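Chemist: What follows is the file upload_20.cif, containing mmCIF, C-alpha atoms:
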```
data_work
#
loop_
_atom_site.label_atom_id
_atom_site.label_comp_id
_atom_site.auth_asym_id
_atom_site.auth_seq_id
_atom_site.Cartn_x
_atom_site.Cartn_y
_atom_site.Cartn_z
CA PRO L 1 111.17 193.37 265.87
CA GLY L 2 110.17 191.01 263.10
CA GLY L 3 109.95 192.18 259.54
CA PRO L 4 112.26 193.01 256.66
CA TRP L 5 115.31 193.78 258.79
CA SER L 6 118.86 192.63 259.11
CA ALA L 7 120.10 193.38 262.61
CA HIS L 8 123.17 195.56 262.80
CA ASP L 9 124.90 196.24 266.10
CA ALA L 10 122.25 194.51 268.17
CA PRO L 11 120.67 196.55 270.97
CA ALA L 12 121.98 196.42 274.46
CA ASP L 13 120.82 193.70 276.83
CA PRO L 14 117.14 193.99 277.75
CA PRO L 15 116.31 195.88 280.93
CA ALA L 16 117.22 194.04 284.10
CA SER L 17 114.67 192.65 286.52
CA PRO L 18 111.99 195.10 287.72
CA ALA L 19 113.45 197.98 289.67
CA THR L 20 112.87 198.31 293.37
CA GLY L 21 110.36 201.03 292.75
CA VAL L 22 108.50 202.84 290.01
CA ARG L 23 107.69 206.43 289.31
CA PHE L 24 104.33 207.53 288.03
CA ASP L 25 104.73 209.99 285.20
CA ARG L 26 101.19 211.29 285.34
CA SER L 27 99.81 213.27 288.25
CA PRO L 28 96.04 213.59 288.68
CA GLN L 29 94.69 216.18 286.27
CA PRO L 30 91.65 218.44 286.62
CA GLU L 31 88.61 217.27 284.69
CA GLU L 32 89.03 219.97 282.05
CA TYR L 33 91.18 222.99 281.25
CA PRO L 34 90.04 225.86 279.05
CA LEU L 35 91.42 225.40 275.56
CA GLN L 36 93.85 228.20 274.83
CA ALA L 37 95.54 226.91 271.71
CA PRO L 38 93.84 226.75 268.30
CA ASP L 39 92.67 223.30 267.29
CA PRO L 40 95.02 222.29 264.45
CA ARG L 41 92.25 220.15 262.95
CA VAL L 42 90.11 223.15 262.04
CA ALA L 43 92.18 226.32 262.43
CA SER L 44 93.28 228.05 259.26
CA GLU L 45 97.02 228.45 258.94
CA PRO L 46 98.49 231.96 258.62
CA PRO L 47 101.48 232.42 256.33
CA THR L 48 104.71 231.30 257.95
CA PRO L 49 107.19 234.20 258.33
CA PRO L 50 110.75 233.69 257.08
CA GLU L 51 112.93 231.69 259.43
CA GLY L 52 114.52 233.81 262.13
CA THR L 53 111.89 236.57 262.01
CA ARG L 54 109.41 237.47 264.75
CA MET L 55 105.90 238.62 264.01
CA PRO L 56 105.29 242.15 265.39
CA GLU L 57 102.89 242.23 268.34
CA ALA L 58 100.57 244.60 266.48
CA ALA L 59 100.32 242.16 263.56
CA ARG L 60 99.28 239.15 265.64
CA MET L 61 95.67 238.13 265.18
CA CYS L 62 93.57 236.42 267.83
CA VAL L 63 93.42 232.64 267.48
CA ALA L 64 89.85 232.61 268.84
CA CYS L 65 87.93 235.29 266.92
CA ARG L 66 90.43 235.73 264.07
CA ALA L 67 89.53 239.41 264.02
CA GLY L 68 91.06 241.20 266.97
CA ARG L 69 94.67 242.21 267.42
CA VAL L 70 96.70 240.86 270.34
CA ASP L 71 97.96 243.39 272.87
CA HIS L 72 101.34 243.33 274.57
CA ASP L 73 99.91 241.36 277.50
CA GLY L 74 98.86 238.50 275.23
CA TYR L 75 95.10 239.16 275.17
CA CYS L 76 92.82 239.90 272.22
CA GLU L 77 91.67 243.53 272.04
CA ASN L 78 88.40 242.37 270.48
CA CYS L 79 87.21 239.34 272.49
CA GLY L 80 89.69 239.29 275.39
CA HIS L 81 90.79 235.71 274.70
CA ALA L 82 94.17 234.78 276.20
CA GLN L 83 96.51 233.73 273.43
CA PRO L 84 98.41 230.42 273.47
CA ARG L 85 101.86 230.32 274.95
CA GLU L 86 104.77 229.61 272.65
CA ARG L 87 104.99 225.94 273.65
CA ASP L 88 101.25 225.23 273.45
CA HIS L 89 101.68 224.34 269.79
CA MET L 90 105.02 224.02 268.00
CA GLU L 91 105.96 222.92 264.49
CA GLN L 92 109.34 222.58 262.80
CA GLU L 93 110.72 221.28 259.52
CA ALA L 94 114.37 220.30 259.08
CA GLY L 95 115.18 219.17 255.58
CA PRO L 96 113.10 216.05 254.89
CA ALA L 97 111.94 215.67 258.51
CA ALA L 98 109.26 217.47 260.50
CA ALA L 99 107.81 217.50 264.01
CA VAL L 100 104.82 218.94 265.84
CA SER L 101 104.04 219.26 269.53
CA ASP L 102 100.75 220.28 271.12
CA ARG L 103 99.48 220.85 274.64
CA GLY L 104 96.47 218.63 274.00
CA LEU L 105 92.96 219.19 275.32
CA ARG L 106 93.34 218.52 279.05
CA HIS L 107 96.80 219.62 280.24
CA HIS L 108 97.38 223.19 281.36
CA ARG L 109 100.80 223.37 279.68
CA ASN L 110 102.94 221.48 277.19
CA GLU L 111 105.64 219.50 279.00
CA ASP L 112 106.96 217.83 275.82
CA ALA L 113 109.86 219.09 273.73
CA PHE L 114 111.54 218.03 270.49
CA ALA L 115 114.44 218.81 268.17
CA VAL L 116 114.81 217.81 264.52
CA ALA L 117 117.95 218.56 262.55
CA CYS L 118 120.13 217.59 259.61
CA ALA L 119 123.83 216.70 259.59
CA THR L 120 126.38 215.68 256.99
CA LEU L 121 128.51 212.60 257.51
CA PRO L 122 132.26 212.71 256.72
CA ASP L 123 131.67 211.04 253.35
CA GLY L 124 129.15 213.70 252.38
CA ARG L 125 126.04 211.57 252.89
CA PRO L 126 123.11 213.11 254.78
CA ALA L 127 121.85 212.21 258.25
CA VAL L 128 118.58 213.33 259.78
CA THR L 129 118.04 213.37 263.54
CA ALA L 130 114.99 213.63 265.78
CA VAL L 131 114.78 213.79 269.56
CA VAL L 132 111.49 213.78 271.51
CA CYS L 133 111.28 214.20 275.29
CA ASP L 134 108.25 213.94 277.58
CA GLY L 135 108.44 215.76 280.92
CA VAL L 136 107.46 213.70 283.98
CA SER L 137 104.39 215.54 285.29
CA SER L 138 104.91 214.55 288.92
CA ALA L 139 108.41 216.04 288.89
CA THR L 140 109.47 219.63 289.38
CA ARG L 141 109.78 221.72 286.18
CA PRO L 142 109.03 218.90 283.72
CA ASP L 143 108.82 221.36 280.83
CA ASP L 144 112.34 222.61 281.56
CA ALA L 145 113.61 219.03 281.79
CA SER L 146 112.27 218.02 278.39
CA ALA L 147 113.56 221.22 276.76
CA ALA L 148 117.04 220.81 278.25
CA ALA L 149 117.24 217.13 277.30
CA SER L 150 116.11 217.57 273.70
CA ARG L 151 118.44 220.51 273.16
CA ALA L 152 121.49 218.78 274.66
CA ALA L 153 120.90 215.54 272.78
CA SER L 154 120.41 217.24 269.44
CA GLN L 155 123.58 219.29 269.90
CA ALA L 156 125.51 216.14 270.82
CA LEU L 157 124.31 214.34 267.69
CA LEU L 158 125.13 217.28 265.42
CA ALA L 159 128.64 217.42 266.91
CA ALA L 160 129.35 213.67 266.78
CA LEU L 161 127.99 212.60 263.40
CA PRO L 162 130.13 214.90 261.20
CA ARG L 163 133.22 213.66 263.09
CA GLY L 164 132.55 210.12 261.89
CA THR L 165 131.16 208.72 265.14
CA HIS L 166 129.01 205.67 264.41
CA PRO L 167 125.35 206.76 264.63
CA GLN L 168 124.57 204.22 267.34
CA GLN L 169 127.48 205.39 269.47
CA ALA L 170 126.45 209.00 268.77
CA MET L 171 122.96 208.19 270.03
CA HIS L 172 124.36 206.67 273.22
CA GLU L 173 126.44 209.79 273.81
CA ALA L 174 123.40 211.98 273.10
CA ILE L 175 121.37 210.20 275.78
CA VAL L 176 124.19 210.68 278.29
CA ALA L 177 124.39 214.39 277.37
CA ALA L 178 120.63 214.73 277.80
CA SER L 179 120.81 213.04 281.19
CA GLU L 180 123.55 215.38 282.36
CA ALA L 181 121.54 218.40 281.20
CA VAL L 182 118.48 217.30 283.19
CA ASN L 183 120.59 216.42 286.25
CA ALA L 184 122.04 219.92 286.21
CA LEU L 185 118.56 221.43 286.64
CA ALA L 186 118.22 219.86 290.08
CA ALA L 187 120.96 222.09 291.45
CA GLU L 188 119.44 225.32 290.14
CA PRO L 189 117.86 227.67 292.72
CA ALA L 190 114.38 227.37 291.16
CA THR L 191 114.40 223.67 291.97
CA ALA L 192 116.48 223.64 295.14
CA ARG L 193 114.33 226.25 296.87
CA GLY L 194 112.18 224.46 299.43
CA GLN L 195 113.38 220.95 298.61
CA GLY L 196 116.53 218.91 298.28
CA PRO L 197 118.11 218.42 294.86
CA HIS L 198 117.27 214.70 294.91
CA GLN L 199 113.66 215.10 295.98
CA ASN L 200 111.26 215.23 293.06
CA ALA L 201 113.99 216.59 290.79
CA PRO L 202 113.20 217.63 287.18
CA ALA L 203 112.74 214.54 285.00
CA CYS L 204 111.71 213.44 281.53
CA THR L 205 111.72 210.48 279.17
CA PHE L 206 113.81 210.34 275.99
CA VAL L 207 113.48 208.85 272.53
CA GLY L 208 115.47 209.65 269.41
CA SER L 209 116.36 208.45 265.96
CA VAL L 210 119.12 208.95 263.41
CA VAL L 211 118.36 208.17 259.76
CA THR L 212 121.06 207.92 257.10
CA ALA L 213 121.08 206.61 253.54
CA GLU L 214 121.31 203.01 254.75
CA LEU L 215 121.02 202.94 258.54
CA LEU L 216 118.25 203.55 261.06
CA VAL L 217 119.29 204.05 264.70
CA VAL L 218 116.99 204.46 267.69
CA GLY L 219 117.68 205.27 271.34
CA TRP L 220 115.40 205.63 274.34
CA VAL L 221 114.91 205.83 278.09
CA GLY L 222 111.32 205.68 279.29
CA ASP L 223 108.07 205.01 277.45
CA SER L 224 108.22 207.25 274.39
CA ARG L 225 108.45 205.21 271.20
CA VAL L 226 109.75 204.79 267.64
CA TYR L 227 107.65 203.09 264.95
CA TRP L 228 108.66 201.93 261.47
CA VAL L 229 106.07 202.10 258.68
CA PRO L 230 107.17 200.79 255.23
CA ALA L 231 106.18 202.75 252.16
CA ASP L 232 104.65 199.52 250.88
CA ARG L 233 101.71 199.21 253.27
CA GLY L 234 101.42 195.55 252.35
CA THR L 235 104.52 195.01 254.50
CA PRO L 236 103.99 194.95 258.29
CA ALA L 237 104.88 197.98 260.37
CA ALA L 238 106.94 197.51 263.54
CA ARG L 239 107.64 199.13 266.89
CA LEU L 240 111.40 199.57 267.35
CA THR L 241 111.56 200.42 271.07
CA GLU L 242 110.62 198.63 274.29
CA ASP L 243 109.01 200.69 277.06
CA ASP L 244 110.67 201.21 280.41
CA SER L 245 107.33 200.78 282.17
CA TRP L 246 105.46 198.61 284.63
CA ALA L 247 103.30 197.13 281.87
CA ALA L 248 106.30 196.20 279.71
CA GLN L 249 107.97 194.52 282.67
CA MET L 250 104.85 192.48 283.42
CA VAL L 251 104.67 191.30 279.82
CA ALA L 252 108.41 190.55 279.66
CA ALA L 253 108.17 188.50 282.85
CA GLY L 254 105.27 186.50 281.45
CA LEU L 255 102.96 187.59 284.26
CA MET L 256 100.40 189.26 281.98
CA ASN L 257 99.63 189.51 278.31
CA GLU L 258 99.89 192.92 276.67
CA ALA L 259 96.16 193.65 276.75
CA GLU L 260 95.93 192.87 280.46
CA ALA L 261 99.05 194.83 281.35
CA TYR L 262 98.08 198.01 279.53
CA ALA L 263 94.56 197.88 280.94
CA ASP L 264 95.98 198.06 284.47
CA GLU L 265 96.04 201.46 286.18
CA ARG L 266 99.77 200.95 286.82
CA ALA L 267 100.55 200.43 283.14
CA HIS L 268 102.20 203.81 282.59
CA ALA L 269 104.32 203.82 285.71
CA ILE L 270 107.75 204.32 284.18
CA THR L 271 110.81 202.46 285.42
CA GLY L 272 113.38 204.51 283.52
CA TRP L 273 113.77 208.26 283.08
CA LEU L 274 116.33 211.06 282.95
CA GLY L 275 116.78 213.05 286.14
CA ALA L 276 118.86 213.40 289.28
CA ASP L 277 116.66 210.97 291.23
CA ALA L 278 116.55 208.30 288.50
CA TYR L 279 117.95 204.86 288.94
CA GLU L 280 121.27 204.12 287.25
CA LEU L 281 121.06 205.39 283.68
CA GLU L 282 120.48 202.60 281.15
CA PRO L 283 120.53 204.08 277.62
CA HIS L 284 118.90 201.68 275.16
CA THR L 285 120.07 201.84 271.55
CA ALA L 286 119.46 199.69 268.49
CA SER L 287 120.53 199.86 264.86
CA PHE L 288 118.72 198.50 261.80
CA LYS L 289 119.19 198.28 258.04
CA PRO L 290 115.76 198.35 256.40
CA ASP L 291 115.65 196.73 252.96
CA ARG L 292 112.99 199.10 251.63
CA PRO L 293 111.89 202.75 251.97
CA GLY L 294 109.56 203.82 254.70
CA VAL L 295 108.83 206.35 257.42
CA VAL L 296 110.11 206.59 261.00
CA ILE L 297 107.69 207.91 263.63
CA VAL L 298 109.18 209.21 266.90
CA CYS L 299 106.52 210.06 269.48
CA THR L 300 105.40 210.43 273.08
CA ASP L 301 102.63 208.38 274.66
CA GLY L 302 100.29 211.28 274.02
CA LEU L 303 100.10 209.88 270.49
CA TRP L 304 100.68 206.16 270.84
CA ASN L 305 97.98 205.85 273.51
CA TYR L 306 95.58 206.35 270.59
CA ALA L 307 97.47 204.12 268.12
CA GLU L 308 99.40 201.66 270.24
CA ALA L 309 99.80 198.78 267.79
CA ALA L 310 102.21 199.33 264.90
CA GLY L 311 99.50 198.31 262.45
CA HIS L 312 97.13 200.93 263.87
CA MET L 313 99.82 203.61 263.61
CA ALA L 314 100.34 202.65 259.95
CA GLU L 315 96.61 202.97 259.27
CA VAL L 316 96.54 206.51 260.63
CA LEU L 317 99.70 207.64 258.81
CA PRO L 318 98.97 209.21 255.40
CA LEU L 319 100.25 207.28 252.39
CA ASP L 320 102.35 210.27 251.27
CA ALA L 321 104.05 210.71 254.67
CA GLY L 322 107.52 210.27 253.18
CA ALA L 323 106.97 213.18 250.79
CA ARG L 324 104.95 215.36 253.19
CA PRO L 325 106.25 214.74 256.71
CA LEU L 326 104.82 217.91 258.27
CA HIS L 327 101.37 217.12 256.93
CA ALA L 328 101.74 213.56 258.24
CA ALA L 329 102.74 214.80 261.69
CA ARG L 330 99.70 217.09 261.78
CA VAL L 331 97.42 214.20 260.81
CA LEU L 332 98.84 212.06 263.64
CA LEU L 333 98.35 214.94 266.07
CA GLY L 334 94.77 215.33 264.91
CA HIS L 335 94.18 211.63 265.51
CA ALA L 336 95.30 212.01 269.13
CA LEU L 337 93.13 215.10 269.66
CA ASP L 338 90.14 213.37 268.09
CA GLY L 339 90.73 210.50 270.50
CA GLY L 340 90.48 212.82 273.50
CA GLY L 341 93.85 214.61 273.69
CA HIS L 342 94.27 213.69 277.35
CA ASP L 343 98.03 214.27 277.26
CA ASN L 344 100.58 216.45 275.52
CA VAL L 345 101.22 215.13 272.00
CA THR L 346 104.57 215.23 270.20
CA VAL L 347 105.52 213.41 267.02
CA ALA L 348 108.39 213.60 264.54
CA VAL L 349 108.25 212.04 261.07
CA LEU L 350 111.43 211.10 259.19
CA PRO L 351 111.57 209.43 255.77
CA PHE L 352 113.96 206.51 255.20
CA PRO L 353 116.40 206.51 253.53
CA ALA L 354 117.53 210.04 254.21
CA PRO L 355 117.25 211.87 250.88
CA PRO L 356 120.15 213.87 249.44
CA ALA L 357 120.85 217.30 250.90
CA GLY L 358 118.40 219.91 249.69
CA ALA L 359 115.42 217.56 249.46
CA GLY L 360 112.51 218.49 251.68
CA SER L 361 108.81 218.00 252.09
CA ALA L 362 106.51 218.81 249.23
#
```
What's the structure tokens form of this structure?
Modeler:
Amino acid sequence: PGGPWSAHDAPADPPASPATGVRFDRSPQPEEYPLQAPDPRVASEPPTPPEGTRMPEAARMCVACRAGRVDHDGYCENCGHAQPRERDHMEQEAGPAAAVSDRGLRHHRNEDAFAVACATLPDGRPAVTAVVCDGVSSATRPDDASAAASRAASQALLAALPRGTHPQQAMHEAIVAASEAVNALAAEPATARGQGPHQNAPACTFVGSVVTAELLVVGWVGDSRVYWVPADRGTPAARLTEDDSWAAQMVAAGLMNEAEAYADERAHAITGWLGADAYELEPHTASFKPDRPGVVIVCTDGLWNYAEAAGHMAEVLPLDAGARPLHAARVLLGHALDGGGHDNVTVAVLPFPAPPAGAGSA
């Protein structure tokens, strides 16, 4: 992308000619689902327990009436409201980075997953990683696919970076590890029962980023994205990934402009994904050296559908996002929910350059 960059280890060749077929990553959804999770735009936030602790069942308060206690079956003893499942709304901070994931307002479950973590390079400098995966709704067990992929990729990055593996190579290896983890789900009894392992196998998209003191690496398969927003908002923001989708292929081939392509009902038909029935795996990676501080946004289409252009994403992002990444991620989530929340929403926010170890959000 244009902007204040010097290319470093240029990305792999652009995707080949359109594949012989496409896979739709969105199955028809009911008109409305009852909202089970608290709306993060208005819900008050209870104190966060120390890491590694679990809140006793008797101490859990209802997210609907905020008065009744939750019984062991997950229902409020006062109003009877079913409480949100663990994955309906998730938040995590890892050093200077943070991520949130939400079921949204229309889906019956959250099929996204993420992992944010910190690593130390051999020379002692910090590295921050983020992986975001979006389950393919038309596939079997999309929530399991995204969870397995994000977990495997994050573990691969945390193992490779301290060994001195170049971050771009580490990202490539992480995508391969994520693919293998999703492929393995197809052979499990829960998937194989009633269908062949290569028929509608578990699948998800992948996007990730590694941020160091001087380098910004991205990797992806599918239509989840990475955006760059400079701290100086007078400098243009940029999108750092290229979708594996029908719309992107139409634009790349010169058959449609971007507005026409994304207005088409086929726009979000993905042409690349992780899963046993995917075409040959084509991990995309790119490496950049920004010449100024900024913020990296890693997200699913549940967010970028409501802020597609890089400039629009920059307008929504709070000015203090680099210092308060969790707050920034919540604001971006709120923007998607305010826009309709038609899909699961997941976003990770990472400041660049990676601050020294011990620095976190304010």
Chemist: Dig up all the protein and nucleic acid residues within 10 Å of (101.8, 200.1, 267.6) in the file frame, using all atoms listed in the file, and format them as a PyMOL selection string.
Modeler: chain L and resi 225-228+237-240+304-314
Chemist: CA of Leu157 in chain L and CA of Ala117 in chain L are how many Å apart?
Modeler: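 Computing the Euclidean distance for CA of Leu157 in chain L and CA of Ala117 in chain L yields 9.2 Å.
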Chemist: Determine the residue membership of the PyMOL selection byres ((chain L and resi 330-333) around 8) for the file above and supply it as a PyMOL selection string.
Modeler: chain L and resi 40+100-102+303+316-318+326-329+334-337+345-347
Chemist: Find, counting all atoms listed in the file, the residue in L:Phe352, L:Ser137, L:Arg151, L:Met250 that gets nearest to Ala267 in chain L.
Modeler: L:Met250
Chemist: List the residues selected by the PyMOL selection byres ((chain L and resi 321-325) around 10) in the file shown, writing them as an MDAnalysis selection string.
Modeler: chainID L and resid 93 96:99 229:231 293:297 317:320 326:331 348:353 359:362
Chemist: Determine the residue set returned by the PyMOL selection byres ((chain L and resi 204-219) around 6) for the present structure, and present it as a list in words.
Modeler: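 Checked against the file, the PyMOL selection byres ((chain L and resi 204-219) around 6) matches Ala127, Val128, Thr129, Ala130, Val131, Val132, Cys133, Asp134, Gly135, Val136, Ala145, Ser146, Gln168, Ala203, Trp220, Val221, Gly222, Ser224, Trp273, Leu274, His284, Thr285, Ala286, Ser287, Phe288, Lys289, Pro353 and Ala354 of chain L.
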Chemist: Which residues, protein or nucleic acid, reach to within 9 Å of (89.6, 244.0, 269.1) in the file's coordinates when using only C-alpha atoms, and can you give that as a PyMOL selection string?
Modeler: chain L and resi 62+67-70+76-80
Chemist: Generate the output file for the selected residues, C-alpha atoms, as a short mmCIF file (atom, residue, chain, number, x, y, z; two decimals), keeping the file's coordinate frame.
Modeler:
```cif
data_model
loop_
_atom_site.label_atom_id
_atom_site.label_comp_id
_atom_site.auth_asym_id
_atom_site.auth_seq_id
_atom_site.Cartn_x
_atom_site.Cartn_y
_atom_site.Cartn_z
CA CYS L 62 93.57 236.42 267.83
CA ALA L 67 89.53 239.41 264.02
CA GLY L 68 91.06 241.20 266.97
CA ARG L 69 94.67 242.21 267.42
CA VAL L 70 96.70 240.86 270.34
CA CYS L 76 92.82 239.90 272.22
CA GLU L 77 91.67 243.53 272.04
CA ASN L 78 88.40 242.37 270.48
CA CYS L 79 87.21 239.34 272.49
CA GLY L 80 89.69 239.29 275.39
#
```
Chemist: Smallest atom-to-atom distance to Val298 in chain L: which of L:Gln155, L:Gln83, L:Thr241, L:Asn344, using all atoms listed in the file?
Modeler: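 For Val298 in chain L, the nearest of the candidates is L:Thr241.
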Chemist: What is the distance, in Å and to one decimal place, between CA of His107 in chain L and CA of His342 in chain L?
Modeler: 7.1 Å
